[in-house]
Amino acid sequence: VAAETASILAFSAIKNNDKVGLILFSDQIEHVIPPKKGKGHIWNVIRSILSFIPEGRKTDFNPPLEYLLHAQKRKTVTFLISDFQVINHEKILNHANQKHDLISIVISDPRENELPADSGLIHLEDAETGESVLVDTHDEELRNRFLKIKKEERNRLKQFLAANSIDKIEISVDRPLTEPIARFFKMRDKRH
């Protein structure tokens, strides 16, 4: 979904004759394509997005946004596509948004926000750390606590982005992704 979203944004840049660049990252910068114009360049960007296999397993916004802050002297429109399940990101997001027009694209999967009811014992594994835990989904209190924690995390992110005037596009993996993108650009057109 993140790759499709980035591809849609790259193609829409062609219509505006905008330059497009790319920073692929995990907990480190993995690949950079400097901004350029043209269909050939866009195809190169999309090819890189679709074939990307990260070396790192963790996520850290600091390396790519620090790179952006130093590499781009002029104000740019920057899309940060992530599930935003990272820690210690507030300072760098705020700093990047002060210099650039930062737009957060929050990819979410409803299956990550609540535990399935009565599925018995299931193993959950953190994709970044590899840490595994055995969970009893019959435990209603545990399911409710998990649901509450996930809701609080989403609310904290929403409040932080709003308080720092960082635009947000929410994309869920279980719904078409073009609608929220189109709605966002219509809203921005009205605002500007």
# chains A, B, ... in the order shown; residues from 1 in each chain; ligands from 1
$ select_by_dssp --residues "region 26-162 of chain A" --states "alpha helix (DSSP H)" --output "JSON, numbers by chain"
{"A": [39, 40, 41, 42, 43, 44, 45, 46, 47, 48, 49, 50, 51, 62, 63, 64, 65, 66, 67, 68, 69, 70, 71, 90, 91, 92, 93, 94, 95, 96, 97, 98, 99, 140, 141, 142, 143, 144, 145, 146, 147, 148, 149, 150, 151, 152, 153, 154, 155, 156, 157, 158, 159, 160, 161, 162]}
$ residues_around --residues "region 183-190 of chain A" --least-positions-apart "3" --cutoff "12 Å" --atoms "only C-alpha atoms" --output "ChimeraX atom specification"
/A:9,12,101,103-105,167-171,177-180
$ residues_around --residues "His100 (chain A)" --least-positions-apart "3" --cutoff "10 Å" --atoms "only C-alpha atoms" --output "short mmCIF file (atom, residue, chain, number, x, y, z; two decimals) with all heavy atoms, in the first residue's frame"
data_model
loop_
_atom_site.label_atom_id
_atom_site.label_comp_id
_atom_site.auth_asym_id
_atom_site.auth_seq_id
_atom_site.Cartn_x
_atom_site.Cartn_y
_atom_site.Cartn_z
N LEU A 68 17.08 15.17 4.46
CA LEU A 68 16.23 16.13 3.76
C LEU A 68 16.55 17.56 4.17
O LEU A 68 16.69 18.44 3.32
CB LEU A 68 14.75 15.83 4.04
CG LEU A 68 13.74 16.85 3.51
CD1 LEU A 68 13.63 16.75 2.00
CD2 LEU A 68 12.39 16.65 4.17
N LEU A 69 16.70 17.78 5.46
CA LEU A 69 16.97 19.13 5.96
C LEU A 69 18.29 19.67 5.45
O LEU A 69 18.41 20.87 5.18
CB LEU A 69 16.95 19.13 7.49
CG LEU A 69 15.57 18.98 8.12
CD1 LEU A 69 15.69 18.67 9.62
CD2 LEU A 69 14.72 20.21 7.89
N GLN A 72 18.06 19.57 0.94
CA GLN A 72 17.11 20.46 0.25
C GLN A 72 17.13 21.84 0.91
O GLN A 72 16.59 22.01 2.00
CB GLN A 72 15.70 19.87 0.28
CG GLN A 72 15.52 18.64 -0.54
CD GLN A 72 15.79 18.90 -2.01
OE1 GLN A 72 15.36 19.89 -2.58
NE2 GLN A 72 16.54 18.00 -2.63
N LYS A 73 17.73 22.78 0.23
CA LYS A 73 17.81 24.14 0.78
C LYS A 73 16.50 24.90 0.60
O LYS A 73 16.13 25.70 1.43
CB LYS A 73 18.97 24.91 0.14
CG LYS A 73 20.32 24.24 0.31
CD LYS A 73 20.64 24.00 1.77
CE LYS A 73 21.95 23.26 1.95
NZ LYS A 73 22.12 22.69 3.25
N ARG A 74 15.81 24.65 -0.52
CA ARG A 74 14.53 25.30 -0.76
C ARG A 74 13.41 24.51 -0.12
O ARG A 74 13.49 23.29 0.04
CB ARG A 74 14.25 25.40 -2.26
CG ARG A 74 15.13 26.36 -2.97
CD ARG A 74 14.69 26.44 -4.41
NE ARG A 74 15.35 27.55 -5.06
CZ ARG A 74 15.40 27.72 -6.35
NH1 ARG A 74 14.83 26.81 -7.15
NH2 ARG A 74 15.99 28.75 -6.88
N LYS A 75 12.33 25.21 0.20
CA LYS A 75 11.15 24.56 0.78
C LYS A 75 10.56 23.59 -0.24
O LYS A 75 10.37 23.94 -1.40
CB LYS A 75 10.13 25.61 1.18
CG LYS A 75 8.93 25.04 1.90
CD LYS A 75 8.03 26.12 2.44
CE LYS A 75 6.92 25.50 3.25
NZ LYS A 75 6.26 26.46 4.10
N THR A 76 10.28 22.38 0.20
CA THR A 76 9.70 21.36 -0.66
C THR A 76 8.42 20.81 -0.03
O THR A 76 8.22 20.91 1.17
CB THR A 76 10.66 20.17 -0.86
OG1 THR A 76 10.85 19.53 0.40
CG2 THR A 76 11.99 20.62 -1.43
N VAL A 77 7.59 20.22 -0.86
CA VAL A 77 6.47 19.44 -0.37
C VAL A 77 7.03 18.03 -0.18
O VAL A 77 7.55 17.43 -1.11
CB VAL A 77 5.28 19.42 -1.35
CG1 VAL A 77 4.19 18.51 -0.85
CG2 VAL A 77 4.76 20.83 -1.57
N THR A 78 6.95 17.53 1.05
CA THR A 78 7.54 16.25 1.39
C THR A 78 6.48 15.34 1.98
O THR A 78 5.80 15.70 2.93
CB THR A 78 8.67 16.44 2.44
OG1 THR A 78 9.64 17.34 1.90
CG2 THR A 78 9.32 15.13 2.80
N ASN A 94 8.66 17.89 13.69
CA ASN A 94 8.38 19.30 13.87
C ASN A 94 9.43 20.15 13.17
O ASN A 94 9.11 21.12 12.48
CB ASN A 94 8.30 19.64 15.36
CG ASN A 94 7.73 21.01 15.60
OD1 ASN A 94 6.97 21.54 14.79
ND2 ASN A 94 8.09 21.60 16.72
N HIS A 95 10.70 19.78 13.31
CA HIS A 95 11.79 20.53 12.67
C HIS A 95 11.67 20.47 11.14
O HIS A 95 11.82 21.49 10.47
CB HIS A 95 13.13 19.96 13.15
CG HIS A 95 14.32 20.75 12.72
ND1 HIS A 95 14.46 22.09 12.99
CD2 HIS A 95 15.42 20.38 12.04
CE1 HIS A 95 15.61 22.52 12.49
NE2 HIS A 95 16.20 21.51 11.90
N ALA A 96 11.40 19.29 10.61
CA ALA A 96 11.25 19.14 9.15
C ALA A 96 10.05 19.94 8.64
O ALA A 96 10.11 20.55 7.57
CB ALA A 96 11.11 17.67 8.78
N ASN A 97 8.98 19.97 9.42
CA ASN A 97 7.79 20.71 9.00
C ASN A 97 8.00 22.22 9.05
O ASN A 97 7.38 22.96 8.28
CB ASN A 97 6.58 20.33 9.85
CG ASN A 97 5.29 20.87 9.29
OD1 ASN A 97 4.98 20.68 8.12
ND2 ASN A 97 4.55 21.58 10.11
N ILE A 103 3.93 16.42 4.82
CA ILE A 103 2.61 15.79 4.81
C ILE A 103 2.81 14.33 5.25
O ILE A 103 3.55 13.58 4.61
CB ILE A 103 1.97 15.85 3.42
CG1 ILE A 103 1.82 17.30 2.98
CG2 ILE A 103 0.63 15.11 3.41
CD1 ILE A 103 1.54 17.49 1.52
#
$ residues_around --residues "Val106 (chain A)" --least-positions-apart "3" --cutoff "12 Å" --atoms "only C-alpha atoms" --output "list in words"
Val1, Ala2, Thr5, Phe79, Leu80, Ile81, Ser82, Asp83, Phe84, Gln85, Val86, Ile103, Asp109, Arg154, Leu157, Lys158, Leu161, Ile166, Asp167, Lys168, Ile169, Glu170, Ile171, Ser172, Val173, Leu177, Pro180 and Ile181 of chain A
$ atom_distance --atom1 "CA of Ile42 (chain A)" --atom2 "CA of Phe25 (chain A)"
18.6 Å
$ closest_residue --among "A:Leu121, A:Val45, A:Ala3, A:Ile87" --to "Gly21 (chain A)" --atoms "only C-alpha atoms"
A:Val45
$ atom_distance --atom1 "CA of Tyr67 (chain A)" --atom2 "CA of Trp43 (chain A)"
23.0 Å
